[in-house]
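Peer 1: This is the structure I have questions about; it appears just below.
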Amino acid sequence: EAGVAQSPRYKIIEKRQSVAFWCNPISGHATLYWYQQILGQGPKLLIQFQNNGVVDDSQLPKDRFSAERLKGVDSTLKIQPAKLEDSAVYLCASSLLRDVSETQYFGPGTRLLVL
Amino acid sequence: SQQGEEDPQALSIQEGENATMNCSYKTSINNLQWYRQNSGRGLVHLILIRSNEREKHSGRLRVTLDTSKKSSSLLITASRAADTASYFCATDAWGAQKLVFGQGTRLTINP
């Protein structure tokens, strides 16, 4: 089966600019996650969707970050405006069910550099 | 905040040797999972151990869990060059319904 797809793979922008990332989860997976992974650290959950509804966005900096999963399939994560500290890899993952013990399947990530 | 802390942060061994990585966490958990991340790639799930389990095996992997010490270990036996990667433990605390990842152990297998 096809894995989790993400695009772009790399993005370089200047601070205060906007950027958007796209994720297409594994077909049939109801739960979608966006993580931020800063260099040298583990992934940190930004937002979790169950179908097209938000389950957890407690760690999403809502003044600058937004995410949507309108049709319950693919998802976009936007940063507007970007700050230097947003430089990181943004990982999308999906799982079949919402249960946290379900295996999460990760995409390759989008590496963002903010100058 | 990151619940799990891996130790060591980096480990370099010769091919064929065993590699042991440790993870400590702070609060009571339902499950603990281990993931692998190759350079520039996404994470791959390796194994899950539930809070009522003490040991689990999968191929060359052996995971232990000591809930009294709030710690887990991942043992990779007969290491191969392809095992070179970063390894992360991830916990889901009671009632949290989300995974919290540690900072990872960077493992290098030298040929």
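To be explicit about the labels: the chains of the structure tokens are called A, B, and onward in the order shown, and within each one the residues are counted from 1, while ligands get numbers from 1 in the order they are shown.
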Give me the residues near region 88-91 of chain A as a list of chain:residue names, where near means some atom within 6 Å (using only C-alpha atoms) and where sequence neighbours in that chain fewer than 4 positions away do not count.

Peer 2: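 Selected residues are A:Trp34, A:Tyr35, A:Gln36, A:Gln37, A:Ile38, A:Gly109, A:Thr110, A:Arg111, A:Leu112.
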
Peer 1: Report as a PDB file with C-alpha atoms, in the first residue's frame the set of chain B residues whose atoms approach chain A to within 7 Å, with distances computed over only C-alpha atoms.

Peer 2:
ATOM      1  CA  ASN B  31       1.871   1.856  26.572  1.00  0.00           C
ATOM      2  CA  ARG B  41      13.282  10.046   6.692  1.00  0.00           C
ATOM      3  CA  GLY B  42      10.092   9.647   8.685  1.00  0.00           C
ATOM      4  CA  LEU B  43       9.734   7.447  11.722  1.00  0.00           C
ATOM      5  CA  VAL B  44       9.036   3.720  11.527  1.00  0.00           C
ATOM      6  CA  HIS B  45       7.218   1.878  14.300  1.00  0.00           C
ATOM      7  CA  PHE B  88      12.900   7.170  19.944  1.00  0.00           C
ATOM      8  CA  GLN B  97      -4.542   9.960  24.295  1.00  0.00           C
ATOM      9  CA  LYS B  98      -1.421  11.116  22.486  1.00  0.00           C
ATOM     10  CA  LEU B  99       2.176  10.035  22.099  1.00  0.00           C
ATOM     11  CA  VAL B 100       4.997  12.021  23.673  1.00  0.00           C
ATOM     12  CA  PHE B 101       8.406  11.301  22.176  1.00  0.00           C
ATOM     13  CA  GLY B 102      11.776  11.410  23.849  1.00  0.00           C
ATOM     14  CA  GLN B 103      14.778  13.148  22.336  1.00  0.00           C
ATOM     15  CA  GLY B 104      16.187   9.955  20.869  1.00  0.00           C
TER      16      GLY B 104
END

Peer 1: Have a look at A:Leu32, A:Ala82, A:Ile47, A:Ala2 and name the one nearest to Ala67 (chain A); count only C-alpha atoms.

Peer 2: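 Looking only at the distances to Ala67 (chain A), the closest residue turns out to be A:Ile47.
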
Peer 1: Would you work out the distance separating CA of Asp74 (chain A) from CA of Cys23 (chain A), expressed in Å to one decimal?

Peer 2: 5.6 Å

Peer 1: Taking the DSSP secondary structure from the backbone, can you list the residues of chain B that are strand (DSSP E), as a ChimeraX atom specification?

Peer 2: /B:5-7,10-14,19-24,29-37,43-50,55-58,61-66,71-76,85-93,100-101,105-110

Peer 1: Could you name the residues that touch Leu75 (chain B) at 9 Å or less, counting only C-alpha atoms, but leaving out those on the same chain fewer than 3 positions away, as a PDB file with all heavy atoms, in the first residue's frame?

Peer 2:
ATOM      1  N   ASN B  18      25.926  -6.013  20.201  1.00  0.00           N
ATOM      2  CA  ASN B  18      24.578  -5.675  20.645  1.00  0.00           C
ATOM      3  C   ASN B  18      24.517  -4.210  21.057  1.00  0.00           C
ATOM      4  O   ASN B  18      25.484  -3.658  21.571  1.00  0.00           O
ATOM      5  CB  ASN B  18      24.167  -6.546  21.833  1.00  0.00           C
ATOM      6  CG  ASN B  18      24.073  -8.013  21.469  1.00  0.00           C
ATOM      7  OD1 ASN B  18      23.947  -8.377  20.293  1.00  0.00           O
ATOM      8  ND2 ASN B  18      24.144  -8.876  22.475  1.00  0.00           N
ATOM      9  N   ALA B  19      23.365  -3.590  20.811  1.00  0.00           N
ATOM     10  CA  ALA B  19      23.168  -2.188  21.179  1.00  0.00           C
ATOM     11  C   ALA B  19      22.016  -2.097  22.170  1.00  0.00           C
ATOM     12  O   ALA B  19      20.953  -2.675  21.933  1.00  0.00           O
ATOM     13  CB  ALA B  19      22.854  -1.345  19.948  1.00  0.00           C
ATOM     14  N   THR B  20      22.243  -1.368  23.249  1.00  0.00           N
ATOM     15  CA  THR B  20      21.197  -1.178  24.252  1.00  0.00           C
ATOM     16  C   THR B  20      20.932   0.305  24.455  1.00  0.00           C
ATOM     17  O   THR B  20      21.872   1.082  24.660  1.00  0.00           O
ATOM     18  CB  THR B  20      21.595  -1.802  25.594  1.00  0.00           C
ATOM     19  OG1 THR B  20      21.801  -3.210  25.433  1.00  0.00           O
ATOM     20  CG2 THR B  20      20.482  -1.585  26.625  1.00  0.00           C
ATOM     21  N   MET B  21      19.678   0.672  24.370  1.00  0.00           N
ATOM     22  CA  MET B  21      19.262   2.041  24.592  1.00  0.00           C
ATOM     23  C   MET B  21      18.217   2.055  25.698  1.00  0.00           C
ATOM     24  O   MET B  21      17.401   1.134  25.796  1.00  0.00           O
ATOM     25  CB  MET B  21      18.643   2.620  23.321  1.00  0.00           C
ATOM     26  CG  MET B  21      19.644   2.884  22.229  1.00  0.00           C
ATOM     27  SD  MET B  21      18.910   2.915  20.601  1.00  0.00           S
ATOM     28  CE  MET B  21      18.962   1.185  20.189  1.00  0.00           C
ATOM     29  N   ASN B  22      18.230   3.102  26.498  1.00  0.00           N
ATOM     30  CA  ASN B  22      17.323   3.197  27.630  1.00  0.00           C
ATOM     31  C   ASN B  22      16.425   4.415  27.505  1.00  0.00           C
ATOM     32  O   ASN B  22      16.789   5.414  26.894  1.00  0.00           O
ATOM     33  CB  ASN B  22      18.131   3.289  28.928  1.00  0.00           C
ATOM     34  CG  ASN B  22      19.046   2.106  29.104  1.00  0.00           C
ATOM     35  OD1 ASN B  22      18.613   0.968  29.226  1.00  0.00           O
ATOM     36  ND2 ASN B  22      20.356   2.363  29.077  1.00  0.00           N
ATOM     37  N   ARG B  60      15.215  -9.311  16.000  1.00  0.00           N
ATOM     38  CA  ARG B  60      16.436  -9.022  16.762  1.00  0.00           C
ATOM     39  C   ARG B  60      16.217  -7.983  17.849  1.00  0.00           C
ATOM     40  O   ARG B  60      17.167  -7.554  18.503  1.00  0.00           O
ATOM     41  CB  ARG B  60      17.527  -8.538  15.797  1.00  0.00           C
ATOM     42  CG  ARG B  60      17.985  -9.601  14.806  1.00  0.00           C
ATOM     43  CD  ARG B  60      19.139  -9.100  13.926  1.00  0.00           C
ATOM     44  NE  ARG B  60      18.726  -7.988  13.083  1.00  0.00           N
ATOM     45  CZ  ARG B  60      19.185  -6.751  13.209  1.00  0.00           C
ATOM     46  NH1 ARG B  60      20.063  -6.445  14.142  1.00  0.00           N
ATOM     47  NH2 ARG B  60      18.763  -5.806  12.386  1.00  0.00           N
ATOM     48  N   LEU B  61      14.986  -7.568  18.056  1.00  0.00           N
ATOM     49  CA  LEU B  61      14.678  -6.553  19.052  1.00  0.00           C
ATOM     50  C   LEU B  61      14.124  -7.189  20.319  1.00  0.00           C
ATOM     51  O   LEU B  61      13.314  -8.105  20.267  1.00  0.00           O
ATOM     52  CB  LEU B  61      13.634  -5.563  18.512  1.00  0.00           C
ATOM     53  CG  LEU B  61      13.930  -4.866  17.193  1.00  0.00           C
ATOM     54  CD1 LEU B  61      12.779  -3.934  16.836  1.00  0.00           C
ATOM     55  CD2 LEU B  61      15.241  -4.122  17.257  1.00  0.00           C
ATOM     56  N   ARG B  62      14.591  -6.647  21.447  1.00  0.00           N
ATOM     57  CA  ARG B  62      14.033  -7.059  22.731  1.00  0.00           C
ATOM     58  C   ARG B  62      13.774  -5.798  23.531  1.00  0.00           C
ATOM     59  O   ARG B  62      14.668  -4.976  23.726  1.00  0.00           O
ATOM     60  CB  ARG B  62      15.001  -7.970  23.485  1.00  0.00           C
ATOM     61  CG  ARG B  62      14.569  -8.299  24.908  1.00  0.00           C
ATOM     62  CD  ARG B  62      15.575  -9.212  25.584  1.00  0.00           C
ATOM     63  NE  ARG B  62      15.348  -9.283  27.032  1.00  0.00           N
ATOM     64  CZ  ARG B  62      16.186  -8.831  27.954  1.00  0.00           C
ATOM     65  NH1 ARG B  62      17.342  -8.288  27.587  1.00  0.00           N
ATOM     66  NH2 ARG B  62      15.901  -8.935  29.234  1.00  0.00           N
ATOM     67  N   VAL B  63      12.549  -5.651  23.993  1.00  0.00           N
ATOM     68  CA  VAL B  63      12.165  -4.480  24.777  1.00  0.00           C
ATOM     69  C   VAL B  63      11.760  -4.945  26.171  1.00  0.00           C
ATOM     70  O   VAL B  63      11.050  -5.930  26.323  1.00  0.00           O
ATOM     71  CB  VAL B  63      10.993  -3.730  24.116  1.00  0.00           C
ATOM     72  CG1 VAL B  63      10.440  -2.668  25.050  1.00  0.00           C
ATOM     73  CG2 VAL B  63      11.445  -3.107  22.811  1.00  0.00           C
ATOM     74  N   THR B  64      12.223  -4.201  27.167  1.00  0.00           N
ATOM     75  CA  THR B  64      11.786  -4.452  28.540  1.00  0.00           C
ATOM     76  C   THR B  64      11.119  -3.197  29.080  1.00  0.00           C
ATOM     77  O   THR B  64      11.389  -2.081  28.620  1.00  0.00           O
ATOM     78  CB  THR B  64      12.965  -4.844  29.444  1.00  0.00           C
ATOM     79  OG1 THR B  64      13.895  -3.756  29.488  1.00  0.00           O
ATOM     80  CG2 THR B  64      13.658  -6.093  28.927  1.00  0.00           C
TER      81      THR B  64
END

Peer 1: What's the separation between CA of Leu46 (chain B) and CA of Leu96 (chain A), in Å to one decimal place?

Peer 2: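 Computing it gives 16.8 Å between the two atoms.
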
Peer 1: Could you jot down the CA of Glu85 (chain A) to CA of Ser18 (chain A) separation for me, Å, one decimal place?

Peer 2: 14.0 Å

Peer 1: As a ChimeraX atom specification, please: the residues near Leu60 (chain A) (cut-off 8 Å, only C-alpha atoms, same-chain neighbours under 4 positions excluded).

Peer 2: /A:46-47,65-66

Peer 1: Near region 9-13 of chain B, counting only C-alpha atoms, which residues have an atom at most 7 Å away, once you skip same-chain residues fewer than 2 positions from it, shown as a list in words?

Peer 2: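 That gives Glu6, Asp7, Glu15, Glu17, Gly104, Thr105, Arg106, Leu107, Thr108, Ile109 and Asn110 of chain B.
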
Peer 1: Quick one: residues within 8 Å of Leu84 (chain A), only C-alpha atoms counted, chain neighbours fewer than 5 positions away excluded, as a list in words?

Peer 2: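 Returned residues: Lys15, Leu113, Val114 and Leu115 of chain A.
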
Peer 1: Selection from above, N, CA, C and O atoms, as a tab-separated table (two decimals), in the first residue's frame, can you write it?

Peer 2:
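Listed below is the output, again_12.tsv:
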chain	number	residue	atom	x	y	z
A	15	LYS	N	11.86	35.04	7.26
A	15	LYS	CA	10.94	35.26	8.38
A	15	LYS	C	9.84	36.24	7.95
A	15	LYS	O	10.05	37.10	7.10
A	113	LEU	N	13.34	25.71	6.49
A	113	LEU	CA	14.38	26.59	7.00
A	113	LEU	C	13.88	28.02	6.86
A	113	LEU	O	13.51	28.45	5.77
A	114	VAL	N	13.83	28.72	7.98
A	114	VAL	CA	13.40	30.12	8.00
A	114	VAL	C	14.62	31.00	8.21
A	114	VAL	O	15.33	30.84	9.21
A	115	LEU	N	14.87	31.89	7.26
A	115	LEU	CA	16.06	32.76	7.32
A	115	LEU	C	15.71	34.17	7.79
A	115	LEU	O	14.55	34.61	7.59

Peer 1: Using only C-alpha atoms for the distances, tell me which of B:Thr67, B:Ser86, B:Asn52, B:Gln14 is nearest to Tyr35 (chain B).

Peer 2: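 Among the listed residues, the smallest separation from Tyr35 (chain B) belongs to B:Ser86.
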
Peer 1: Contacts of Ser68 (chain B) at 12 Å or less, counting only C-alpha atoms, minus same-chain residues fewer than 2 places along, as number ranges by chain?

Peer 2: B: 24-29, 51-52, 54, 65-66, 70-72

Peer 1: Would you save the residues of that selection, restricted to N, CA and C atoms, as a compact mmCIF listing (two decimals), in the first residue's frame?

Peer 2:
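Output file again_2.txt follows:
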# COMPACT_ATOMS: atom_id res chain seq x y z
N SER B 24 13.67 6.69 30.00
CA SER B 24 13.02 6.93 31.28
C SER B 24 11.89 7.93 31.08
N TYR B 25 10.83 7.78 31.85
CA TYR B 25 9.69 8.67 31.71
C TYR B 25 9.18 9.06 33.08
N LYS B 26 8.24 10.01 33.12
CA LYS B 26 7.91 10.64 34.39
C LYS B 26 6.57 10.24 34.98
N THR B 27 5.56 10.02 34.13
CA THR B 27 4.23 9.75 34.65
C THR B 27 3.79 8.33 34.29
N SER B 28 2.74 7.87 34.92
CA SER B 28 2.20 6.53 34.62
C SER B 28 1.72 6.48 33.18
N ILE B 29 1.93 5.33 32.56
CA ILE B 29 1.63 5.20 31.15
C ILE B 29 0.71 4.01 30.87
N SER B 51 1.66 -1.56 29.52
CA SER B 51 2.11 -1.32 30.89
C SER B 51 2.06 -2.58 31.75
N ASN B 52 1.27 -3.58 31.34
CA ASN B 52 1.20 -4.82 32.12
C ASN B 52 2.15 -5.90 31.57
N ARG B 54 6.23 -7.04 30.71
CA ARG B 54 7.57 -6.76 31.22
C ARG B 54 8.63 -6.91 30.14
N LEU B 65 10.26 -3.40 30.05
CA LEU B 65 9.56 -2.28 30.68
C LEU B 65 9.52 -2.52 32.18
N ASP B 66 9.97 -1.55 32.93
CA ASP B 66 9.92 -1.60 34.39
C ASP B 66 9.10 -0.40 34.86
N LYS B 70 9.88 3.34 36.07
CA LYS B 70 9.50 4.20 34.95
C LYS B 70 10.61 4.22 33.89
N SER B 71 10.97 3.04 33.45
CA SER B 71 12.04 2.96 32.45
C SER B 71 11.81 1.78 31.52
N SER B 72 12.41 1.90 30.34
CA SER B 72 12.34 0.86 29.32
C SER B 72 13.70 0.76 28.65

Peer 1: Identify which of the residues B:Lys69, B:Lys56, B:Thr84, B:Thr91 lies closest to Gln33 (chain B), counting only C-alpha atoms when measuring atom-to-atom distances.

Peer 2: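 Of B:Lys69, B:Lys56, B:Thr84, B:Thr91, the one nearest Gln33 (chain B), counting only C-alpha atoms, is B:Thr91.
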